[in-house]
>>> print(open('protein-v1.csv').read())   # CSV, C-alpha atoms
chain,number,residue,atom,x,y,z
A,911,MET,CA,0.0,0.0,0.0
A,912,LYS,CA,1.3,3.4,-1.0
A,913,LYS,CA,-1.7,5.4,-2.0
A,914,ILE,CA,-5.1,4.5,-0.6
A,915,LEU,CA,-8.7,5.4,-1.4
A,916,ILE,CA,-11.2,4.8,1.5
A,917,THR,CA,-15.0,4.7,1.0
A,918,GLY,CA,-17.1,5.4,4.0
A,919,ALA,CA,-14.1,7.2,5.5
A,920,LEU,CA,-16.2,9.1,8.0
A,921,GLY,CA,-18.0,6.1,9.4
A,922,GLN,CA,-17.4,3.9,12.5
A,923,ILE,CA,-14.2,2.3,11.3
A,924,GLY,CA,-13.2,4.6,8.5
A,925,SER,CA,-12.9,7.8,10.5
A,926,GLU,CA,-10.2,6.3,12.7
A,927,LEU,CA,-8.6,4.2,9.9
A,928,THR,CA,-8.1,7.2,7.8
A,929,VAL,CA,-6.2,9.1,10.5
A,930,LYS,CA,-4.1,6.0,11.3
A,931,LEU,CA,-3.2,5.4,7.7
A,932,ARG,CA,-2.2,9.0,7.2
A,933,ASP,CA,0.1,8.8,10.2
A,934,ILE,CA,1.8,5.8,8.6
A,935,TYR,CA,1.7,6.5,4.8
A,936,GLY,CA,1.5,10.3,4.8
A,937,GLN,CA,-1.4,12.7,4.8
A,938,ASP,CA,-1.5,13.2,1.0
A,939,ASN,CA,-1.5,9.4,0.3
A,940,VAL,CA,-4.8,8.5,1.9
A,941,ILE,CA,-7.9,9.9,0.1
A,942,ALA,CA,-11.0,9.9,2.3
A,943,THR,CA,-14.4,9.7,0.6
A,944,ASP,CA,-17.9,9.7,2.0
A,945,ILE,CA,-21.4,10.7,0.9
A,946,ARG,CA,-21.2,14.0,2.9
A,947,LYS,CA,-18.5,15.9,4.7
A,948,THR,CA,-18.4,16.5,8.4
A,949,ASP,CA,-16.2,18.7,10.6
A,950,SER,CA,-13.9,15.7,11.6
A,951,GLU,CA,-10.2,15.1,11.6
A,952,ALA,CA,-10.6,12.4,8.8
A,953,ALA,CA,-12.4,14.9,6.6
A,954,ASN,CA,-10.0,17.8,7.2
A,955,ASN,CA,-6.4,16.6,7.7
A,956,GLY,CA,-5.9,15.3,4.2
A,957,PRO,CA,-7.5,14.9,0.8
A,958,PHE,CA,-11.3,14.5,0.9
A,959,GLU,CA,-13.9,13.9,-1.9
A,960,ILE,CA,-17.6,13.5,-1.8
A,961,LEU,CA,-18.5,10.0,-3.2
A,962,ASP,CA,-21.7,8.1,-3.3
A,963,VAL,CA,-20.6,4.5,-3.6
A,964,MET,CA,-23.5,3.8,-5.8
A,965,ASP,CA,-21.8,6.0,-8.4
A,966,ALA,CA,-19.5,3.6,-10.1
A,967,ASN,CA,-18.1,6.1,-12.6
A,968,LYS,CA,-17.2,8.6,-9.9
A,969,MET,CA,-15.4,5.9,-7.9
A,970,VAL,CA,-13.2,5.0,-10.9
A,971,GLU,CA,-12.7,8.7,-11.7
A,972,LEU,CA,-11.4,9.4,-8.2
A,973,ALA,CA,-9.2,6.3,-8.1
A,974,ASN,CA,-7.6,7.5,-11.4
A,975,LYS,CA,-7.4,11.2,-10.3
A,976,TYR,CA,-5.3,10.3,-7.2
A,977,ASN,CA,-3.4,7.3,-8.9
A,978,VAL,CA,-4.2,5.0,-6.0
A,979,ASP,CA,-3.0,1.4,-5.7
A,980,THR,CA,-5.3,0.3,-2.9
A,981,ILE,CA,-9.1,0.7,-2.2
A,982,MET,CA,-10.5,0.1,1.2
A,983,HIS,CA,-14.3,-0.2,1.0
A,984,MET,CA,-15.7,0.6,4.4
A,985,ALA,CA,-19.1,2.1,3.4
A,986,ALA,CA,-22.0,0.0,4.6
A,987,LEU,CA,-25.3,0.1,6.5
A,988,LEU,CA,-24.9,-1.6,9.9
A,989,SER,CA,-26.9,-4.5,11.3
A,990,ALA,CA,-29.7,-3.0,13.4
A,991,THR,CA,-30.3,-0.2,10.8
A,992,ALA,CA,-30.3,-2.7,8.0
A,993,GLU,CA,-33.1,-4.6,9.6
A,994,THR,CA,-35.3,-1.5,9.4
A,995,LYS,CA,-34.4,-0.8,5.8
A,996,PRO,CA,-33.6,-4.2,4.2
A,997,VAL,CA,-34.1,-3.2,0.6
A,998,PHE,CA,-32.0,-0.1,1.0
A,999,ALA,CA,-29.4,-2.1,2.8
A,1000,TRP,CA,-29.2,-4.7,0.0
A,1001,ASN,CA,-28.9,-2.0,-2.7
A,1002,LEU,CA,-26.3,0.0,-0.8
A,1003,ASN,CA,-24.2,-2.8,0.7
A,1004,MET,CA,-24.1,-5.0,-2.4
A,1005,GLY,CA,-24.2,-2.3,-5.0
A,1006,GLY,CA,-21.4,-0.3,-3.4
A,1007,LEU,CA,-19.3,-3.4,-2.9
A,1008,MET,CA,-19.7,-4.4,-6.6
A,1009,ASN,CA,-18.7,-0.9,-7.7
A,1010,ALA,CA,-15.6,-1.0,-5.5
A,1011,LEU,CA,-14.6,-4.5,-6.6
A,1012,GLU,CA,-15.0,-3.5,-10.3
A,1013,THR,CA,-12.9,-0.4,-9.6
A,1014,ALA,CA,-10.2,-2.7,-8.2
A,1015,ARG,CA,-10.4,-5.1,-11.1
A,1016,GLU,CA,-10.4,-2.3,-13.8
A,1017,LEU,CA,-7.4,-0.5,-12.2
A,1018,ASN,CA,-5.6,-3.5,-10.8
A,1019,LEU,CA,-5.8,-2.3,-7.2
A,1020,GLN,CA,-5.3,-4.1,-3.9
A,1021,PHE,CA,-8.6,-4.4,-2.1
A,1022,PHE,CA,-9.9,-4.6,1.4
A,1023,THR,CA,-13.5,-4.8,2.8
A,1024,PRO,CA,-14.6,-6.0,6.2
A,1025,SER,CA,-17.0,-8.8,7.0
A,1026,SER,CA,-18.5,-9.4,10.4
A,1027,ILE,CA,-19.6,-12.0,12.9
A,1028,GLY,CA,-23.0,-11.1,11.5
A,1029,ALA,CA,-22.1,-13.4,8.6
A,1030,PHE,CA,-22.8,-16.3,11.0
A,1031,GLY,CA,-26.3,-17.5,12.0
A,1032,PRO,CA,-28.1,-19.6,14.6
A,1033,ASN,CA,-26.9,-22.9,13.0
A,1034,THR,CA,-23.3,-21.9,13.3
A,1035,PRO,CA,-21.3,-23.5,16.2
A,1036,LYS,CA,-21.7,-21.0,19.0
A,1037,ASP,CA,-18.4,-21.5,20.8
A,1038,SER,CA,-15.0,-21.2,19.3
A,1039,THR,CA,-16.7,-20.7,15.9
A,1040,PRO,CA,-14.3,-22.1,13.2
A,1041,GLN,CA,-12.9,-20.1,10.4
A,1042,ASP,CA,-14.7,-22.4,7.9
A,1043,THR,CA,-18.2,-23.4,9.0
A,1044,ILE,CA,-21.9,-23.2,8.2
A,1045,GLN,CA,-23.1,-19.6,7.5
A,1046,ARG,CA,-26.8,-19.2,7.3
A,1047,PRO,CA,-27.5,-15.7,8.8
A,1048,THR,CA,-31.0,-14.6,9.5
A,1049,THR,CA,-30.5,-10.8,9.0
A,1050,MET,CA,-30.2,-8.7,5.9
A,1051,TYR,CA,-26.8,-7.4,7.1
A,1052,GLY,CA,-25.6,-11.0,7.6
A,1053,VAL,CA,-26.8,-12.0,4.1
A,1054,ASN,CA,-24.9,-9.0,2.7
A,1055,LYS,CA,-21.8,-10.0,4.5
A,1056,VAL,CA,-21.8,-13.7,3.3
A,1057,ALA,CA,-22.5,-12.5,-0.2
A,1058,GLY,CA,-19.6,-10.0,0.1
A,1059,GLU,CA,-17.2,-12.7,1.3
A,1060,LEU,CA,-18.1,-14.9,-1.7
A,1061,LEU,CA,-17.8,-11.9,-4.1
A,1062,ALA,CA,-14.3,-11.0,-2.8
A,1063,ASP,CA,-13.2,-14.6,-3.2
A,1064,TYR,CA,-14.7,-14.7,-6.7
A,1065,TYR,CA,-12.9,-11.6,-7.8
A,1066,PHE,CA,-9.6,-13.1,-6.5
A,1067,HIS,CA,-10.1,-16.4,-8.2
A,1068,ARG,CA,-11.8,-15.2,-11.4
A,1069,PHE,CA,-9.9,-11.9,-12.0
A,1070,GLY,CA,-6.8,-12.1,-9.8
A,1071,VAL,CA,-7.8,-9.0,-7.7
A,1072,ASP,CA,-5.7,-9.0,-4.5
A,1073,THR,CA,-8.8,-9.0,-2.2
A,1074,ARG,CA,-8.4,-9.3,1.6
A,1075,GLY,CA,-10.7,-9.0,4.5
A,1076,VAL,CA,-11.5,-9.8,8.1
A,1077,ARG,CA,-14.7,-10.8,10.0
A,1078,PHE,CA,-14.9,-8.1,12.7
A,1079,PRO,CA,-16.6,-8.7,16.0
A,1080,GLY,CA,-18.3,-5.8,17.9
A,1081,LEU,CA,-15.9,-2.8,17.8
A,1082,ILE,CA,-15.5,-0.5,20.8
A,1083,SER,CA,-14.1,3.0,20.3
A,1084,TYR,CA,-14.0,6.3,22.2
A,1085,VAL,CA,-13.6,8.3,19.0
A,1086,THR,CA,-16.7,7.5,16.9
A,1087,PRO,CA,-20.2,7.5,18.5
A,1088,PRO,CA,-22.4,4.3,18.1
A,1089,GLY,CA,-23.9,4.0,14.7
A,1090,GLY,CA,-26.6,1.4,14.5
A,1091,GLY,CA,-24.9,-1.8,15.3
A,1092,THR,CA,-26.1,-4.6,17.5
A,1093,THR,CA,-23.0,-4.5,19.7
A,1094,ASP,CA,-23.2,-0.7,20.3
A,1095,TYR,CA,-24.3,-1.3,23.9
A,1096,ALA,CA,-20.7,-2.0,24.7
A,1097,VAL,CA,-19.8,1.5,23.6
A,1098,GLU,CA,-22.9,3.3,25.0
A,1099,ILE,CA,-22.3,1.8,28.4
A,1100,TYR,CA,-19.0,3.7,28.9
A,1101,TYR,CA,-20.5,7.0,27.9
A,1102,GLU,CA,-23.4,6.6,30.3
A,1103,ALA,CA,-21.2,5.3,33.1
A,1104,ILE,CA,-19.2,8.6,33.0
A,1105,LYS,CA,-22.2,10.9,32.4
A,1106,ASN,CA,-24.9,9.4,34.5
A,1107,GLY,CA,-23.4,6.5,36.6
A,1108,LYS,CA,-26.0,4.1,35.2
A,1109,TYR,CA,-27.0,2.4,31.9
A,1110,SER,CA,-30.2,0.7,30.6
A,1111,SER,CA,-29.0,-2.1,28.2
A,1112,TYR,CA,-31.0,-3.2,25.2
A,1113,ILE,CA,-29.0,-6.4,25.2
A,1114,ASP,CA,-30.0,-8.9,28.0
A,1115,LYS,CA,-27.7,-10.2,30.7
A,1116,GLY,CA,-26.0,-13.5,29.8
A,1117,THR,CA,-25.6,-12.6,26.1
A,1118,TYR,CA,-22.0,-13.3,25.1
A,1119,MET,CA,-20.6,-11.6,22.0
A,1120,ASP,CA,-17.1,-11.2,20.7
A,1121,MET,CA,-15.6,-7.7,20.9
A,1122,MET,CA,-12.4,-5.9,19.9
A,1123,TYR,CA,-11.0,-2.5,20.8
A,1124,MET,CA,-10.6,-0.2,17.8
A,1125,PRO,CA,-6.8,0.1,18.0
A,1126,ASP,CA,-6.6,-3.7,17.6
A,1127,ALA,CA,-9.1,-3.6,14.7
A,1128,LEU,CA,-7.0,-1.0,12.9
A,1129,GLY,CA,-3.9,-2.9,13.5
A,1130,ALA,CA,-5.5,-6.0,12.1
A,1131,ILE,CA,-6.4,-4.3,8.8
A,1132,ILE,CA,-2.9,-2.9,8.3
A,1133,ASP,CA,-1.2,-6.1,9.2
A,1134,LEU,CA,-3.3,-8.1,6.8
A,1135,MET,CA,-2.9,-5.7,4.0
A,1136,GLU,CA,0.9,-5.7,4.5
A,1137,ALA,CA,1.1,-9.5,4.8
A,1138,ASP,CA,2.9,-11.7,2.3
A,1139,PRO,CA,0.1,-12.8,-0.1
A,1140,SER,CA,1.8,-16.2,-0.7
A,1141,LYS,CA,1.0,-17.1,3.0
A,1142,LEU,CA,-2.7,-16.2,2.8
A,1143,ILE,CA,-4.8,-19.4,2.4
A,1144,HIS,CA,-8.1,-17.7,3.1
A,1145,ARG,CA,-7.4,-14.1,2.0
A,1146,ASN,CA,-10.9,-12.9,2.9
A,1147,ALA,CA,-13.1,-13.1,5.9
A,1148,PHE,CA,-10.5,-14.0,8.5
A,1149,ASN,CA,-12.0,-14.5,12.0
A,1150,VAL,CA,-10.5,-11.9,14.4
A,1151,THR,CA,-11.4,-11.3,18.0
A,1152,ALA,CA,-9.9,-10.0,21.2
A,1153,MET,CA,-12.4,-10.9,24.0
A,1154,THR,CA,-15.9,-12.2,24.7
A,1155,PHE,CA,-18.1,-11.0,27.5
A,1156,GLU,CA,-21.7,-10.3,28.5
A,1157,PRO,CA,-23.2,-7.1,30.0
A,1158,GLU,CA,-22.8,-8.2,33.7
A,1159,GLU,CA,-19.0,-8.9,33.1
A,1160,LEU,CA,-18.6,-5.5,31.4
A,1161,THR,CA,-20.5,-3.8,34.3
A,1162,ALA,CA,-18.2,-5.5,36.9
A,1163,GLU,CA,-15.1,-4.2,35.1
A,1164,ILE,CA,-16.5,-0.6,34.9
A,1165,LYS,CA,-17.3,-0.8,38.6
A,1166,LYS,CA,-13.6,-1.2,39.4
A,1167,HIS,CA,-13.2,2.4,38.1
A,1168,ILE,CA,-16.7,3.8,38.9
A,1169,PRO,CA,-17.9,1.8,42.0
A,1170,GLY,CA,-21.4,3.2,42.1
A,1171,PHE,CA,-22.2,2.3,38.5
A,1172,GLU,CA,-25.5,0.4,37.9
A,1173,ILE,CA,-26.9,-1.4,35.0
A,1174,SER,CA,-30.6,-2.2,34.2
A,1175,TYR,CA,-32.3,-3.9,31.2
A,1176,ASN,CA,-34.8,-2.7,28.7
A,1177,VAL,CA,-34.3,-5.4,26.0
A,1178,ASP,CA,-34.8,-4.5,22.4
A,1179,PRO,CA,-36.3,-7.7,20.8
A,1180,VAL,CA,-34.9,-6.9,17.3
A,1181,ARG,CA,-31.3,-6.4,18.4
A,1182,GLN,CA,-31.5,-9.2,21.0
A,1183,ALA,CA,-32.7,-11.6,18.3
A,1184,ILE,CA,-29.7,-10.5,16.1
A,1185,ALA,CA,-27.3,-11.0,19.1
A,1186,ASP,CA,-28.8,-14.4,19.9
A,1187,SER,CA,-28.1,-15.6,16.3
A,1188,TRP,CA,-24.4,-14.8,16.5
A,1189,PRO,CA,-21.6,-16.8,18.1
A,1190,ASN,CA,-20.6,-16.5,21.7
A,1191,SER,CA,-16.9,-16.7,20.8
A,1192,ILE,CA,-14.9,-17.3,17.6
A,1193,ASP,CA,-11.7,-19.0,16.7
A,1194,ALA,CA,-9.1,-16.6,15.2
A,1195,SER,CA,-6.3,-19.2,14.8
A,1196,ALA,CA,-6.3,-19.0,11.0
A,1197,ALA,CA,-5.5,-15.2,11.1
A,1198,ALA,CA,-2.8,-15.9,13.7
A,1199,GLU,CA,-1.2,-18.6,11.6
A,1200,GLU,CA,-1.4,-17.0,8.2
A,1201,TRP,CA,-0.5,-13.4,9.0
A,1202,GLY,CA,0.4,-13.2,12.7
A,1203,PHE,CA,-2.8,-11.6,14.1
A,1204,LYS,CA,-2.7,-11.0,17.8
A,1205,ALA,CA,-4.9,-8.6,19.8
A,1206,LYS,CA,-3.2,-6.4,22.5
A,1207,PHE,CA,-6.2,-5.3,24.5
A,1208,ASP,CA,-8.4,-7.5,26.8
A,1209,LEU,CA,-11.5,-6.4,28.7
A,1210,SER,CA,-9.5,-5.0,31.7
A,1211,SER,CA,-7.0,-2.9,29.7
A,1212,MET,CA,-9.6,-1.8,27.2
A,1213,THR,CA,-12.0,-0.6,30.0
A,1214,ALA,CA,-9.2,1.4,31.7
A,1215,ASP,CA,-8.2,3.1,28.4
A,1216,MET,CA,-11.8,3.7,27.3
A,1217,LEU,CA,-12.7,5.4,30.6
A,1218,GLU,CA,-9.6,7.5,30.6
A,1219,LYS,CA,-10.0,8.7,27.0
A,1220,LEU,CA,-13.7,9.3,27.3
A,1221,LYS,CA,-13.4,11.3,30.5
A,1222,ALA,CA,-10.9,13.6,28.8
A,1223,LYS,CA,-13.2,13.8,25.7
A,1224,LEU,CA,-16.5,14.4,27.6
>>> encode(input="protein-v1.csv", output="structure tokens")
Amino acid sequence: MKKILITGALGQIGSELTVKLRDIYGQDNVIATDIRKTDSEAANNGPFEILDVMDANKMVELANKYNVDTIMHMAALLSATAETKPVFAWNLNMGGLMNALETARELNLQFFTPSSIGAFGPNTPKDSTPQDTIQRPTTMYGVNKVAGELLADYYFHRFGVDTRGVRFPGLISYVTPPGGGTTDYAVEIYYEAIKNGKYSSYIDKGTYMDMMYMPDALGAIIDLMEADPSKLIHRNAFNVTAMTFEPEELTAEIKKHIPGFEISYNVDPVRQAIADSWPNSIDASAAAEEWGFKAKFDLSSMTADMLEKLKAKL
């Protein structure tokens, strides 16, 4: 990677990924694009262009304009939001992905797009979910992600596009506010702990889900993209994870820093059903073996850092 175009650069992952990549590869070598511009660091500390990922011609035009060698396609509608707008989610998530893959094929670019634990379903093994296993998701977001994994594999095998990707668990960040994901409770809870000393969770107690702190997620993207391609057996949809916990365990960890913190429950049946269809924990050994993946943060170290950073921010 030397010159990188990012779609969805102002979203949950893209906003932090853009800044991180500019620190590594240089401000002028990372072109951020999104459907609208915000007053954010990602939009203002380097090249930025308005791009609707449904506009295939504009995507190719921008990739040519900046002479990029890599496209990172981060634009997508997230799980809970996608359930409220399934047709729009299909058109945006799949149409945008096809346009990005076609841009990579036409211009011979390296390509990254993230998948998700949402690509698994209720028939998937719940514990230590294997890299290669049954995938029959029951959400539109999950269907999009499975189709996306297959498309990325297809473009590699059929056209030789250097496609790469990971299956992210829930991502926790102090930079970007929650944006319509099922695992967002694990971000909201830190905000509410600091501001109000209490939190009402839409996810029920005892619901285990895999999670990862954003610095580890960004590191995983960069490490995979820099990995020796000859060692990549899977290439796309690598399982990655850092920790698995349920709301009571997260609450207990926060209480070590904010002793009076309390949690209550007002379960959202839609997001709870999505969470129940996902694994409790996933096996990331393929990523470790093929490109050296290893997370640095666990629940304890993440919580300490989240609270410290959020207190300064708020």
>>> closest_residue(input="protein-v1.csv", among="A:Phe1203, A:Tyr935, A:Phe1066, A:Tyr1109", to="Arg1145 in chain A", atoms="all atoms listed in the file")
A:Phe1066
>>> closest_atom_pairs(input="protein-v1.csv", of="range 963-1035 of chain A", to="range 911-923 of chain A", cutoff="10 Å", atoms="all atoms listed in the file", output="tab-separated table")
residue	atom	partner	partner_atom	distance
A:Val963	CA	A:Thr917	CA	7.2
A:Met969	CA	A:Thr917	CA	9.0
A:Leu972	CA	A:Leu915	CA	8.3
A:Ala973	CA	A:Leu915	CA	6.8
A:Tyr976	CA	A:Lys913	CA	8.0
A:Asn977	CA	A:Lys913	CA	7.4
A:Val978	CA	A:Lys913	CA	4.7
A:Asp979	CA	A:Lys913	CA	5.6
A:Thr980	CA	A:Ile914	CA	4.8
A:Ile981	CA	A:Leu915	CA	4.8
A:Met982	CA	A:Ile916	CA	4.8
A:His983	CA	A:Thr917	CA	4.9
A:Met984	CA	A:Gly918	CA	5.0
A:Ala985	CA	A:Gly918	CA	3.9
A:Ala986	CA	A:Gly918	CA	7.3
A:Leu987	CA	A:Gly921	CA	9.9
A:Leu988	CA	A:Gln922	CA	9.7
A:Gly1006	CA	A:Thr917	CA	9.2
A:Leu1007	CA	A:Thr917	CA	10.0
A:Ala1010	CA	A:Thr917	CA	8.7
A:Leu1019	CA	A:Ile914	CA	9.5
A:Gln1020	CA	A:Met911	CA	7.8
A:Phe1021	CA	A:Ile914	CA	9.7
A:Phe1022	CA	A:Ile916	CA	9.5
A:Thr1023	CA	A:Thr917	CA	9.8
A:Pro1024	CA	A:Ile923	CA	9.7
>>> residues_near_point(input="protein-v1.csv", point="(-10.2, 1.7, 26.3)", cutoff="9 Å", atoms="only C-alpha atoms", output="NGL selection string")
:A and (1082-1084 or 1123-1124 or 1207 or 1209-1220)
>>> write_last_selection(input="protein-v1.csv", atoms="C-alpha atoms", output="PDB file, in the coordinates of the input")
ATOM      1  CA  ILE A1082     -15.500  -0.500  20.800  1.00  0.00           C
ATOM      2  CA  SER A1083     -14.100   3.000  20.300  1.00  0.00           C
ATOM      3  CA  TYR A1084     -14.000   6.300  22.200  1.00  0.00           C
ATOM      4  CA  TYR A1123     -11.000  -2.500  20.800  1.00  0.00           C
ATOM      5  CA  MET A1124     -10.600  -0.200  17.800  1.00  0.00           C
ATOM      6  CA  PHE A1207      -6.200  -5.300  24.500  1.00  0.00           C
ATOM      7  CA  LEU A1209     -11.500  -6.400  28.700  1.00  0.00           C
ATOM      8  CA  SER A1210      -9.500  -5.000  31.700  1.00  0.00           C
ATOM      9  CA  SER A1211      -7.000  -2.900  29.700  1.00  0.00           C
ATOM     10  CA  MET A1212      -9.600  -1.800  27.200  1.00  0.00           C
ATOM     11  CA  THR A1213     -12.000  -0.600  30.000  1.00  0.00           C
ATOM     12  CA  ALA A1214      -9.200   1.400  31.700  1.00  0.00           C
ATOM     13  CA  ASP A1215      -8.200   3.100  28.400  1.00  0.00           C
ATOM     14  CA  MET A1216     -11.800   3.700  27.300  1.00  0.00           C
ATOM     15  CA  LEU A1217     -12.700   5.400  30.600  1.00  0.00           C
ATOM     16  CA  GLU A1218      -9.600   7.500  30.600  1.00  0.00           C
ATOM     17  CA  LYS A1219     -10.000   8.700  27.000  1.00  0.00           C
ATOM     18  CA  LEU A1220     -13.700   9.300  27.300  1.00  0.00           C
TER      19      LEU A1220
END
>>> closest_residue(input="protein-v1.csv", among="A:Ala1185, A:Val1085, A:Ala1147, A:Val1071", to="Tyr1118 in chain A", atoms="all atoms listed in the file")
A:Ala1185
>>> atom_distance(input="protein-v1.csv", atom1="CA of Tyr1112 in chain A", atom2="CA of Asp1178 in chain A")
4.9 Å
>>> closest_residue(input="protein-v1.csv", among="A:Asp1133, A:Asp1120, A:Glu1158, A:Glu926", to="Ser1038 in chain A", atoms="all atoms listed in the file")
A:Asp1120
>>> atom_distance(input="protein-v1.csv", atom1="CA of Trp1201 in chain A", atom2="CA of Met1004 in chain A")
27.5 Å
>>> closest_residue(input="protein-v1.csv", among="A:Val1056, A:Ile1113, A:Leu961, A:Met1119", to="Gly1080 in chain A", atoms="all atoms listed in the file")
A:Met1119
